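structure-v3.cif follows; it contains mmCIF, C-alpha atoms.
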data_protein
#
loop_
_atom_site.label_atom_id
_atom_site.label_comp_id
_atom_site.auth_asym_id
_atom_site.auth_seq_id
_atom_site.Cartn_x
_atom_site.Cartn_y
_atom_site.Cartn_z
CA MET A 1 0.00 0.00 0.00
CA ALA A 2 1.34 3.39 -0.99
CA ILE A 3 1.79 5.96 1.73
CA TRP A 4 0.27 9.32 0.88
CA LYS A 5 2.50 12.27 1.64
CA ALA A 6 1.44 15.89 1.43
CA GLN A 7 3.53 17.98 -0.91
CA ARG A 8 4.41 21.60 -0.61
CA THR A 9 3.68 23.49 -3.80
CA LEU A 10 5.73 26.28 -5.32
CA LEU A 11 4.97 28.43 -8.34
CA LEU A 12 8.03 30.05 -9.92
CA VAL A 13 7.24 32.66 -12.55
CA GLY A 14 9.93 33.96 -14.85
CA GLU A 15 9.55 37.27 -16.62
CA GLY A 16 10.25 35.68 -19.98
CA TYR A 17 11.46 32.50 -21.63
CA HIS A 18 15.11 33.02 -20.58
CA GLU A 19 14.13 33.08 -16.92
CA LYS A 20 11.80 30.12 -17.41
CA ALA A 21 14.62 28.04 -18.89
CA PHE A 22 16.92 28.98 -16.00
CA LEU A 23 14.26 28.21 -13.39
CA ASN A 24 13.61 24.82 -15.01
CA HIS A 25 17.36 24.18 -14.88
CA LEU A 26 17.32 24.92 -11.12
CA LYS A 27 14.30 22.67 -10.67
CA GLN A 28 16.10 19.82 -12.41
CA LEU A 29 19.21 20.27 -10.24
CA TYR A 30 17.56 20.75 -6.85
CA VAL A 31 14.12 19.12 -6.85
CA PRO A 32 14.25 15.34 -7.23
CA ARG A 33 11.06 13.38 -7.68
CA ARG A 34 9.15 12.47 -4.53
CA CYS A 35 11.06 14.98 -2.40
CA GLY A 36 7.89 16.54 -0.97
CA LEU A 37 8.05 19.67 -3.12
CA SER A 38 6.06 20.16 -6.31
CA VAL A 39 7.44 23.02 -8.42
CA THR A 40 5.58 24.60 -11.33
CA VAL A 41 7.59 26.92 -13.58
CA LYS A 42 5.83 29.37 -15.88
CA SER A 43 6.72 32.34 -18.04
CA ALA A 44 4.73 35.55 -17.88
CA GLY A 45 5.68 36.27 -21.50
CA GLY A 46 7.85 39.31 -20.84
CA LYS A 47 6.71 42.94 -20.94
CA SER A 48 6.75 45.11 -17.84
CA ALA A 49 7.05 44.34 -14.14
CA LYS A 50 3.44 45.48 -13.72
CA HIS A 51 2.29 42.96 -16.34
CA ILE A 52 4.24 40.16 -14.66
CA ILE A 53 2.79 40.82 -11.20
CA GLU A 54 -0.76 41.09 -12.60
CA TRP A 55 -0.26 37.93 -14.69
CA THR A 56 0.91 36.05 -11.59
CA VAL A 57 -2.05 37.30 -9.56
CA ARG A 58 -4.36 35.81 -12.22
CA GLN A 59 -2.47 32.50 -12.04
CA ILE A 60 -2.80 32.17 -8.28
CA ALA A 61 -6.49 33.08 -8.40
CA ASN A 62 -7.11 29.71 -10.08
CA THR A 63 -4.77 27.45 -8.11
CA ALA A 64 -3.59 27.44 -4.53
CA TYR A 65 0.18 27.32 -4.01
CA ASP A 66 2.05 27.24 -0.72
CA ASN A 67 4.63 29.67 -2.08
CA VAL A 68 4.77 31.91 -5.13
CA ALA A 69 7.86 33.69 -6.40
CA VAL A 70 8.44 35.91 -9.42
CA MET A 71 11.80 36.56 -11.05
CA LEU A 72 11.71 39.87 -12.93
CA ASP A 73 13.94 42.66 -14.19
CA THR A 74 14.01 46.03 -12.46
CA ASP A 75 15.00 48.01 -15.55
CA THR A 76 11.47 48.75 -16.77
CA ASP A 77 8.70 49.90 -14.44
CA TRP A 78 9.56 48.31 -11.10
CA SER A 79 8.29 50.49 -8.24
CA PRO A 80 7.52 50.42 -4.52
CA ALA A 81 3.79 50.33 -5.40
CA LEU A 82 4.28 47.10 -7.37
CA ALA A 83 6.33 45.66 -4.54
CA LYS A 84 3.46 46.42 -2.16
CA GLN A 85 0.91 44.85 -4.53
CA ALA A 86 3.03 41.69 -4.72
CA LYS A 87 3.41 41.56 -0.94
CA VAL A 88 -0.35 41.88 -0.42
CA LYS A 89 -0.89 38.90 -2.75
CA ARG A 90 1.88 36.90 -0.98
CA ILE A 91 4.14 36.89 -4.04
CA GLN A 92 7.85 36.83 -3.28
CA VAL A 93 9.64 39.07 -5.78
CA LEU A 94 13.13 38.12 -6.90
CA PRO A 95 14.34 41.27 -8.67
CA SER A 96 17.19 40.92 -11.17
CA GLU A 97 19.26 44.09 -10.94
CA PRO A 98 19.04 45.59 -13.55
CA CYS A 99 18.18 42.51 -15.62
CA PHE A 100 18.47 38.72 -15.78
CA ASP A 101 21.41 38.79 -18.20
CA ALA A 102 23.45 41.03 -15.88
CA LEU A 103 22.72 38.68 -12.97
CA MET A 104 23.93 35.68 -14.97
CA LEU A 105 27.08 37.49 -16.10
CA ARG A 106 27.90 38.42 -12.49
CA MET A 107 27.50 34.75 -11.55
CA LEU A 108 30.19 33.98 -14.14
CA GLY A 109 32.52 36.53 -12.55
CA LYS A 110 31.91 39.20 -15.18
CA HIS A 111 30.94 42.68 -14.11
CA PRO A 112 28.93 44.11 -16.99
CA VAL A 113 28.36 47.79 -17.51
CA GLY A 114 26.11 49.30 -20.12
CA ASP A 115 22.59 48.61 -21.25
CA PRO A 116 20.58 45.38 -21.00
CA ALA A 117 20.68 44.80 -24.78
CA ALA A 118 24.47 44.59 -24.61
CA PHE A 119 24.26 42.12 -21.70
CA LYS A 120 22.22 39.70 -23.84
CA LYS A 121 25.02 39.64 -26.44
CA LEU A 122 27.68 39.12 -23.77
CA LEU A 123 25.79 36.23 -22.16
CA ALA A 124 24.77 34.43 -25.38
CA PRO A 125 28.07 32.56 -25.96
CA TYR A 126 27.85 31.01 -22.48
CA LEU A 127 24.40 29.60 -23.35
CA ASN A 128 25.11 28.20 -26.82
CA ASN A 129 23.50 31.35 -28.23
CA ASP A 130 20.07 30.15 -27.07
CA PRO A 131 19.11 31.22 -23.53
CA THR A 132 15.59 29.78 -23.94
CA GLU A 133 16.82 26.16 -23.70
CA GLN A 134 17.11 24.70 -20.21
CA GLN A 135 20.00 22.36 -21.06
CA ASN A 136 22.18 25.31 -22.17
CA TYR A 137 22.53 26.43 -18.55
CA ALA A 138 24.08 23.16 -17.38
CA GLU A 139 27.68 23.76 -18.52
CA HIS A 140 28.27 27.15 -16.89
CA PHE A 141 25.59 27.22 -14.19
CA GLY A 142 26.05 23.94 -12.33
CA LYS A 143 25.70 23.44 -8.60
CA ALA A 144 29.22 24.73 -7.88
CA CYS A 145 28.54 28.03 -9.68
CA LEU A 146 25.13 28.41 -8.04
CA GLU A 147 26.42 27.66 -4.55
CA ALA A 148 29.24 30.20 -5.04
CA GLY A 149 26.78 32.71 -6.52
CA ARG A 150 24.44 32.58 -3.57
CA GLN A 151 27.12 34.36 -1.51
CA SER A 152 27.08 37.45 -3.74
CA GLU A 153 23.62 37.34 -5.34
CA PRO A 154 20.71 37.42 -2.86
CA ILE A 155 18.27 36.33 -5.60
CA ILE A 156 20.14 33.07 -6.14
CA ASP A 157 20.21 32.44 -2.40
CA GLU A 158 16.45 33.05 -2.15
CA LEU A 159 15.76 30.78 -5.14
CA LEU A 160 17.82 27.96 -3.69
CA LYS A 161 16.10 28.35 -0.31
CA LEU A 162 12.71 28.12 -2.02
CA LEU A 163 13.87 24.90 -3.68
CA GLY A 164 14.98 23.48 -0.34
CA ALA A 165 18.73 23.78 -0.95
#

Can I see the file as structure tokens?
Amino acid sequence: MAIWKAQRTLLLVGEGYHEKAFLNHLKQLYVPRRCGLSVTVKSAGGKSAKHIIEWTVRQIANTAYDNVAVMLDTDTDWSPALAKQAKVKRIQVLPSEPCFDALMLRMLGKHPVGDPAAFKKLLAPYLNNDPTEQQNYAEHFGKACLEAGRQSEPIIDELLKLLGA
């Protein structure tokens, strides 16, 4: 007879498809089957921080999750009012300063300066020129890199805590 075990549920929302691929990579590394945590990863389809928070609010209106976290860039319309709206809805915001690509470059020991469009070009070679594919994160963003990165990047530390690491 199988023993039923309650699972904690976690919704991770990425701003776009790059974040979704990265979050799925983290899920694969840190959340083995039958560990007691069920993780759902979704993409809000990009756009602004306001759109992402509102999109996530609509998602959690239909399904109950124990925890909800959103990974988004702060270079568009991020504001204290949006932070408050997220807090009221119990959404943990993981802000990438100023954007996801800059965060990833810092994890690789690079310290990018400039605009977010330039960061995408700098990061592309590390992800086989396709940051939307989960497997492209494995070579440069393994457990060793992530564990080291959690010391300098609070977002990575928060993500790994959410995943039970």

Determine, for each residue of range 27-98 of chain A having at least one atom at most 10 Å from an atom of range 142-153 of chain A, the closest pair of atoms and their separation in Å to one decimal, counting all atoms listed in the file; order by chain and ascending number, as JSON lines.
{"residue": "A:Leu29", "atom": "CA", "partner": "A:Lys143", "partner_atom": "CA", "distance": 7.4}
{"residue": "A:Tyr30", "atom": "CA", "partner": "A:Lys143", "partner_atom": "CA", "distance": 8.7}
{"residue": "A:Ser96", "atom": "CA", "partner": "A:Glu153", "partner_atom": "CA", "distance": 9.4}
{"residue": "A:Glu97", "atom": "CA", "partner": "A:Glu153", "partner_atom": "CA", "distance": 9.8}

Could you please take those selected residues and save C-alpha atoms as a compact mmCIF listing (two decimals), in the coordinates of the input?
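The result, written out as selection37.txt:
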# COMPACT_ATOMS: atom_id res chain seq x y z
CA LEU A 29 19.21 20.27 -10.24
CA TYR A 30 17.56 20.75 -6.85
CA SER A 96 17.19 40.92 -11.17
CA GLU A 97 19.26 44.09 -10.94

d(CA of Asp75 in chain A, CA of Val57 in chain A) in Å: 21.0 Å

Surrounding residues of Gly16 in chain A excluding itself and chain neighbours under 2 positions, 7 Å, all atoms listed in the file, as a ChimeraX atom specification: /A:14,18-20,43-46

For Leu127 in chain A: contacts at 8 Å, only C-alpha atoms, fewer than 6 positions along chain excluded, given as a list in words: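 Once the nearby chain positions are removed, what remains is Asn136, Tyr137 and His140 of chain A.
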
Just C-alpha atoms for this one: save the residues we selected as a PDB file, in the frame of the given file.
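again_23.pdb written:
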ATOM      1  CA  ASN A 136      22.180  25.310 -22.170  1.00  0.00           C
ATOM      2  CA  TYR A 137      22.530  26.430 -18.550  1.00  0.00           C
ATOM      3  CA  HIS A 140      28.270  27.150 -16.890  1.00  0.00           C
TER       4      HIS A 140
END

I would like the residues chosen by the PyMOL selection byres ((chain A and resi 159-164) around 9) on the shown file; could you give them as a PDB file with C-alpha atoms, keeping the file's coordinate frame?
ATOM      1  CA  LEU A  10       5.730  26.280  -5.320  1.00  0.00           C
ATOM      2  CA  LEU A  23      14.260  28.210 -13.390  1.00  0.00           C
ATOM      3  CA  LEU A  26      17.320  24.920 -11.120  1.00  0.00           C
ATOM      4  CA  LYS A  27      14.300  22.670 -10.670  1.00  0.00           C
ATOM      5  CA  TYR A  30      17.560  20.750  -6.850  1.00  0.00           C
ATOM      6  CA  VAL A  31      14.120  19.120  -6.850  1.00  0.00           C
ATOM      7  CA  LEU A  37       8.050  19.670  -3.120  1.00  0.00           C
ATOM      8  CA  VAL A  39       7.440  23.020  -8.420  1.00  0.00           C
ATOM      9  CA  ASN A  67       4.630  29.670  -2.080  1.00  0.00           C
ATOM     10  CA  ALA A  69       7.860  33.690  -6.400  1.00  0.00           C
ATOM     11  CA  LEU A  94      13.130  38.120  -6.900  1.00  0.00           C
ATOM     12  CA  LEU A 146      25.130  28.410  -8.040  1.00  0.00           C
ATOM     13  CA  GLU A 147      26.420  27.660  -4.550  1.00  0.00           C
ATOM     14  CA  ARG A 150      24.440  32.580  -3.570  1.00  0.00           C
ATOM     15  CA  PRO A 154      20.710  37.420  -2.860  1.00  0.00           C
ATOM     16  CA  ILE A 155      18.270  36.330  -5.600  1.00  0.00           C
ATOM     17  CA  ILE A 156      20.140  33.070  -6.140  1.00  0.00           C
ATOM     18  CA  ASP A 157      20.210  32.440  -2.400  1.00  0.00           C
ATOM     19  CA  GLU A 158      16.450  33.050  -2.150  1.00  0.00           C
ATOM     20  CA  ALA A 165      18.730  23.780  -0.950  1.00  0.00           C
TER      21      ALA A 165
END
